Each structure stands twice: as structure tokens, then as C-alpha cells.
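Each remark here refers to the structure printed beneath this line.
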Amino acid sequence: MTLDATDAISPLGVLPPAGPTCIHLPLNVSPQDLARYAVGLANARGGTVLVGVDILDRPGAERDAGELHPLMVTHAIFELSGGRLTVNVQHHRLPGGARVLAVFVPHAPYVLAAPDGSVIAWDGAHLVPVAPSEAEPVADQDFTATVPPDASLADLDPAEVARLRGLGRRASASNLPDLDFLRELGLLVPSGGALRPTLAAILLAGTPAALRAHVPQAEVCFYHHQTADVEFQFREDLLRPIPSLLTRLAELIQARNRFTPVQVGLFRVEVWDQDEVVYREALLNALTHRDYMLRDAVHVHHYPDRLEIMNPGGLPGGITPGNILRHQPKRRNPLLAESLARLGLVERAGVGVDKMYSLMLRHGKEPPEYTTYPDSVTLALHSPGFDAEFVRFVARKQEDMQTLSLDVLIVLSLLAREGEATRAALARALQLAEDRTPRLLRGMEEHGLIVRAGVGRGIAYLLSEEVRCALGRAVPTPPAPALPGAAGAGGAERSELHELARTAPAAAPPRAARVRRDVNGPSAAEVRAIALALARERGQVRNVDLRQVCGVSTQQAWRTLRRLVQEDLLRKLGTGTRDAAYELRVR
């Protein structure tokens, strides 16, 4: 058990003896060696490192631990642990006037290795190497459930506690006095003979000073970009309790948010560039499940065509972008997550990601896009326009079928964007094994939502004629207009554009691709080839050009152009979906 400040140094200046939870180091210890002892103690059980104890045996000593600056210690520990160990460093003056440096070290929730891969632990008397098999923790500990060494009730802001109470009106503890309310949520625990707040309590209702002292990494940095470039025009750094953070971030995003009304019969649906329910859910996920052991902040970038949330710590173990809809929910910070669930801010069932997917698809947009790195994850919520006819179709279909499940929405949205898809492609989008998709697809066929084309392994799925009509897709494919100077005498010759469209490889098996061209225009590969040809012959290509030439939707054209930019074949000029132009990359 980690010693707290009152146990480490008593008011009478009595220091705890060296042992399993306390390490005594001489005044001349280097910050690097001190860091090794701190990491070793964290890998064992946590405790306290005291520096300068040796001067107590030398009355009248001219030097003491006051010469060792806390920042030197925290920096050395940060470097050695890769930013994964957060400690509290304080000077303490003893009754005789001498100062010692106390480093309060929590028990690491997972094993900390040095940059060279070595693992050390404190055995009560020495630092000893730990074999990889011995280094495996029995179970992850909840960092947000720890009690900071010198935390007290003074670290909680009464106004923020009142805000929590307001959020928790549905909770059974909402009518209890403040201390009982916080204890019921598990945010206050007995420690050192008194009730003291956990890190989760400080994250939810801490004062500014407490946040700076105990969890400065809980900061959120907001950036607004007027263009898609990396340069930003506005920045605000926020270190506040989580409910206050959500309120301020919503204000910053809404101040730059726009909506488009879509008329559906007698009702009007407002489709926002960034739906508030979606981005609040995304922000809550980031703040609830980030790795608070890392000293990095959450970064929120608001671009004209997307919102990006960059979160320290990868996805919890076993979860990937390819299974996030199906994987059993995993909580990196159980106490914080459970407190937010009891307050009604997050769902216990872990359906936040499903909710984001469903709302974005219902509004004719692409689903959320996750990108993972070894120590972080980025969520992008794209808003390059939307498919208004798809919004109307879903709203009307809701009345006929009571509700459209998320799986049905995923299939319909993908086919509306791509025109066709194989069962394997649909299984990937659904994040299901391919052999688990037939029942869903058969049901959608029986309801007249999709049709099959092709045989055997060449089978592809398309939207039914009824759905295509509802979405305004069932129109004859217009002949591609001749480009300036491209047509021959009497129109007998084809331009390079027409030839590319004719010879481009099909994106699906031959029969499925032929069916798609008969009813729905060029294949995805042909649209791609046409975009490159337009950029080459006209100098640039725009979204409207692809819509006119290929008969595709705004979102299909944007998707094709975005992929070409990602593949470094085109370069984007300007902002927005309709106004931006794209030119060939100069090699």
C-alpha cells in the first residue's frame, strides 16, 4: 500500500524506516538514479522515496535536499518511464530546519520498462531485475481510484460538486449531503484517518489548483482551423473538471457549427456539420478512457470538413478500429467510468460508439474513422456535406419498419456511397465474420432494400430499384461530355477521359460490375480514372465535375477525391466539399 504524506513524514519530523514501501537515498544521489528507484518502487507496490536523510546524522550540515529541484526529479522519472509514471515531489522541512525531498510514488497499474527494455523492482532492500514472465501483472489497477498522497477535501470545488449533483438527478444518491453523495459514487474513501478524494473525484470536481497539482495531464487543447491546413487560427487550453470541460468544448464547437434543414413531409430534420450528440459522445469517450498515466493532453482539432480528437493511450487491450463495434466493452479507468455512468453521462452497456455510428449514418454521412498508434488513438468525424435524400429515405423508412438497426444502416450507407459491394466487403464494414452476414442480407432482400447480382464468388449486392428511386439514383447514365479539344471530327473519336473510363478495371467481379453500370453509372474504378483524367486535361477537378460527368452523388465524388489525395496522386486546393479543387501532384 502506498504511503500517504501523513504516514511518510509525521508532524514531529519522524521519518519512516527504510523498507518495502520507503527508500532512503543520500543527498548526493543523481536525478537519474533517483528515477530508477522510483520506477522500481512503482513496479513493486508503490511508496515513498526520501532524499537527504543522511544529513540528519550530521548536525550543522551546510547543505540539505532543498538544493535538489523537484522538476529535475520529475523530468528524470518522465524520461525513464516514457511518461507513464506520475509522481508527487515535495520538500519537507523537519523541526531542526533541515529539508528532505519526498517523492510519493503510486503503484503502477502495469509494468514499467526502461527505454532499453529492462524491468527493475524494489524488493525492500535493493533494486532487482525482473524476468519478463514475472513482470506480468495479475490484474490492471485503476489509476483513477488512487488517492494522491497529499489530497484533501479542500481539493474539491463546491460549485463543481453542485454541477455533478445536477447531472446526477437520476441517481439514487442525488438527495444525499455532499460528502455522502461523493462517497456513494466511490469518489471519497477513508485514507490516513480521514475522508480523502480519489483522482476520479479530482477529475470530476477538483479545484484548478488540485488539477494542476495532481493531474495536469487532464488538459484538453482545442484548435480551430479555418482551412484544412495544419495552421490553426484559434487555440484554447482547458484544465477543468470533466463536466465543465464538456460544456466549454460544446460552446467552442457550436460557435463554428452550421446546420442544413432537410424537409421530410411535415417535419424538418436539422443536419449539423457536427452533431452535438455525436461529438459529446466522442469527447466523453476520450476523457473517460484515455490513459491518465501518460503526461500528454487530449487535442481537439476543428477543421471545416472534420473534427479530430487525439487521445493519449491506444484503444484498450484487444479493441481495434476493425472490431470496435463488436468487441466487449473494456474500461481503462473503471472508477471514473462507473461514476460517469451513475451520473447518466455515459452508458454502462458501452454503446457510445454504436450511438455515434447510428447518428452519423442516419444523417447521410460516413461513420466515425479511428486511426490507432502505439500510444494514442485519433477519432475523425467527417462532415463534407451529406446525402439529403438518404436522410429523407431513412426518416420515411423508420415509419414503415419501426426502426432501422445499425447493421441495416451500415449496409444501406455503404451501398449508397459505393453503388455495390461484395459480401466480404459488407462483412468488413459490419465488423462481422463473413459467415455471419447471410441472415442479415437475406432479411434486407426480403424487405426489398437490396438485391443480388452475379453468381458464386462474383456475387455483389446493390440497392434495390425502389431504394435507388427513393435516393434519386435510378437515372440513365448520361454520356460523358467531351472535354475541350478532346472530340474528333463528327464526334467519332474518344477523348483520353472516355478511353480511361472504358478500359478502367472493374472494382467488382465482371457480372456485378456490368449490372451496376447498367443501372447506376460508372464503377468506382472508372470514377477514379475519370477524376485523374479530368485533373490532367483541365488542370484541376472539382466535386461538381465528377457529379456531372459520372452521375455520382456529392459524397461519392468527395470519397473518390479524398482517396486520391491520401494516395498522394492529387493535391487539394481550397476548403469545403463543393468549392475545393484538386490538381495532380507534381512528381
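By order in the C-alpha cells, chains are A, B, ...; within a chain, residues start at 1; ligands start at 1, following the order shown.
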
Write out as a ChimeraX atom specification which residues come within 12 Å of Arg542 in chain A when counting only C-alpha atoms, dropping same-chain ones fewer than 2 positions away. /A:530-532,534-535,538-540,544-549,554,557-558,560-562,570-583

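Residues of range 233-290 of chain A assigned to alpha helix (DSSP H) by DSSP on this structure's backbone: Ile242, Pro243, Ser244, Leu245, Leu246, Thr247, Arg248, Leu249, Ala250, Glu251, Leu252, Ile253, Gln254, Glu276, Val277, Val278, Tyr279, Arg280, Glu281, Ala282, Leu283, Leu284, Asn285, Ala286, Leu287, Thr288 and His289 of chain A.
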
Give me, as JSON lines, the closest atom pair and its distance (Å, one decimal) for every residue of range 286-310 of chain A within a cut-off of 12 Å of range 335-357 of chain A, counting only C-alpha atoms, rows sorted by chain and rising number.
```
{"residue": "A:Ala286", "atom": "CA", "partner": "A:Ala337", "partner_atom": "CA", "distance": 11.2}
{"residue": "A:Leu287", "atom": "CA", "partner": "A:Leu336", "partner_atom": "CA", "distance": 9.5}
{"residue": "A:Thr288", "atom": "CA", "partner": "A:Ala337", "partner_atom": "CA", "distance": 5.9}
{"residue": "A:His289", "atom": "CA", "partner": "A:Ala337", "partner_atom": "CA", "distance": 7.7}
{"residue": "A:Arg290", "atom": "CA", "partner": "A:Leu336", "partner_atom": "CA", "distance": 10.8}
{"residue": "A:Asp291", "atom": "CA", "partner": "A:Leu336", "partner_atom": "CA", "distance": 11.9}
{"residue": "A:Tyr292", "atom": "CA", "partner": "A:Leu336", "partner_atom": "CA", "distance": 11.1}
```

Given the selection you just returned, output its residues as a file containing C-alpha atoms, formatted as a PDB file, in the first residue's frame.
```
ATOM      1  CA  ALA A 286     -11.793  10.355 -24.897  1.00  0.00           C
ATOM      2  CA  LEU A 287     -11.904  11.798 -21.367  1.00  0.00           C
ATOM      3  CA  THR A 288     -13.206   8.607 -19.770  1.00  0.00           C
ATOM      4  CA  HIS A 289     -10.934   6.044 -21.424  1.00  0.00           C
ATOM      5  CA  ARG A 290      -7.696   7.938 -22.039  1.00  0.00           C
ATOM      6  CA  ASP A 291      -4.519   6.795 -20.296  1.00  0.00           C
ATOM      7  CA  TYR A 292      -4.027   9.195 -17.393  1.00  0.00           C
TER       8      TYR A 292
END
```

Skip range 198-209 of chain A itself and residues of its chain fewer than 4 positions away, then list as a PyMOL selection string all residues within 6 Å of it, counting only C-alpha atoms. chain A and resi 144-147+155-157+160-161+187+241-242+336

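CA of Leu68 in chain A to CA of Val130 in chain A spans 29.5 Å [interatomic distance, one decimal].
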
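Residues in contact with Gly19 in chain A at 9 Å, where only C-alpha atoms are counted and same-chain residues fewer than 5 positions away are skipped, are listed as His24, Asp123, Gly124 and Ala125 of chain A.
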
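Take the candidates A:Gly97, A:Gly46, A:Gly82, A:Gly117 and check each one against Asp64 in chain A using only C-alpha atoms; the shortest distance goes to A:Gly97.
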
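Here the question is which of A:Leu430, A:Ala424, A:Ala18, A:Leu471 gets nearest to Gly458 in chain A using only C-alpha atoms, and that residue is A:Ala424.
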
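Interatomic distance, CA of Thr74 in chain A to CA of Pro115 in chain A: 16.4 Å.
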
Find the residues around Glu418 in chain A up to 10 Å (only C-alpha atoms counted), leave out those fewer than 6 positions away in its own chain, and share them as a compact mmCIF listing (two decimals) with N, CA, C and O atoms, in the first residue's frame.
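Result file around.txt:
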```
# COMPACT_ATOMS: atom_id res chain seq x y z
N LEU A 412 -26.90 -0.15 -45.96
CA LEU A 412 -27.52 0.84 -46.86
C LEU A 412 -26.57 2.00 -47.14
O LEU A 412 -26.45 2.46 -48.28
N LEU A 462 -26.49 -4.76 -54.36
CA LEU A 462 -26.80 -3.40 -54.77
C LEU A 462 -28.09 -2.97 -54.08
O LEU A 462 -28.88 -3.80 -53.61
N SER A 523 -18.30 2.38 -62.56
CA SER A 523 -17.84 1.71 -61.35
C SER A 523 -16.91 2.64 -60.58
O SER A 523 -16.48 3.69 -61.07
N ALA A 524 -16.56 2.22 -59.36
CA ALA A 524 -15.67 3.04 -58.53
C ALA A 524 -14.32 3.24 -59.21
O ALA A 524 -13.73 4.33 -59.16
N VAL A 552 -22.58 10.66 -60.11
CA VAL A 552 -22.48 10.17 -58.74
C VAL A 552 -22.96 11.24 -57.77
O VAL A 552 -23.17 12.40 -58.17
N SER A 553 -23.10 10.86 -56.51
CA SER A 553 -23.54 11.82 -55.50
C SER A 553 -22.37 12.67 -55.02
O SER A 553 -21.20 12.36 -55.29
N GLN A 555 -21.24 12.91 -52.03
CA GLN A 555 -20.38 12.17 -51.11
C GLN A 555 -19.52 11.13 -51.84
O GLN A 555 -18.37 10.91 -51.48
N GLN A 556 -20.09 10.49 -52.88
CA GLN A 556 -19.29 9.54 -53.65
C GLN A 556 -18.12 10.25 -54.33
O GLN A 556 -16.99 9.74 -54.36
N ARG A 559 -15.53 11.17 -51.70
CA ARG A 559 -14.81 9.99 -51.22
C ARG A 559 -13.70 9.61 -52.21
O ARG A 559 -12.58 9.29 -51.81
N THR A 560 -14.02 9.65 -53.51
CA THR A 560 -13.02 9.32 -54.53
C THR A 560 -11.86 10.31 -54.49
O THR A 560 -10.69 9.93 -54.51
```

Correct to one decimal, the distance CA of Gln431 in chain A-CA of Val269 in chain A is 29.2 Å

Sorted by chain and rising residue number, which residues of range 258-356 of chain A lie within 7 Å of range 220-232 of chain A, and what are their closest atom pairs and distances in Å to one decimal, counting only C-alpha atoms, as a Markdown table?
```
| residue | atom | partner | partner_atom | distance |
| --- | --- | --- | --- | --- |
| A:Ala297 | CA | A:Val220 | CA | 5.6 |
| A:Val298 | CA | A:Val220 | CA | 4.7 |
| A:His299 | CA | A:Cys221 | CA | 4.8 |
| A:Val300 | CA | A:Phe222 | CA | 4.8 |
| A:His301 | CA | A:Tyr223 | CA | 4.8 |
| A:His302 | CA | A:His224 | CA | 4.8 |
| A:Tyr303 | CA | A:His225 | CA | 4.9 |
| A:Pro304 | CA | A:Thr227 | CA | 6.3 |
```

Mind checking which residues fall within 8 Å of Leu426 in chain A, counting only C-alpha atoms, ignoring those fewer than 5 positions away in the same chain, and posting them as a PyMOL selection string? chain A and resi 411+414+421

Using N, CA, C and O atoms, can you export the residues from the last selection as a PDB file, in the first residue's frame?
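again02.pdb was written with the following content:
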```pdb
ATOM      1  N   VAL A 411     -25.139  -1.257 -44.017  1.00  0.00           N
ATOM      2  CA  VAL A 411     -25.228  -1.817 -45.368  1.00  0.00           C
ATOM      3  C   VAL A 411     -25.794  -0.792 -46.344  1.00  0.00           C
ATOM      4  O   VAL A 411     -25.253  -0.575 -47.434  1.00  0.00           O
ATOM      5  N   LEU A 414     -23.252   2.084 -47.012  1.00  0.00           N
ATOM      6  CA  LEU A 414     -22.120   1.675 -47.854  1.00  0.00           C
ATOM      7  C   LEU A 414     -22.548   1.531 -49.306  1.00  0.00           C
ATOM      8  O   LEU A 414     -21.852   2.000 -50.221  1.00  0.00           O
ATOM      9  N   ALA A 421     -21.276  -3.782 -53.462  1.00  0.00           N
ATOM     10  CA  ALA A 421     -20.270  -4.326 -52.552  1.00  0.00           C
ATOM     11  C   ALA A 421     -20.438  -5.829 -52.483  1.00  0.00           C
ATOM     12  O   ALA A 421     -21.557  -6.358 -52.578  1.00  0.00           O
TER      13      ALA A 421
END
```

I'd like the contact shell of Val391 in chain A - 8 Å cut-off, only C-alpha atoms, skipping same-chain residues fewer than 5 positions apart - returned as a PyMOL selection string. chain A and resi 262+362-364
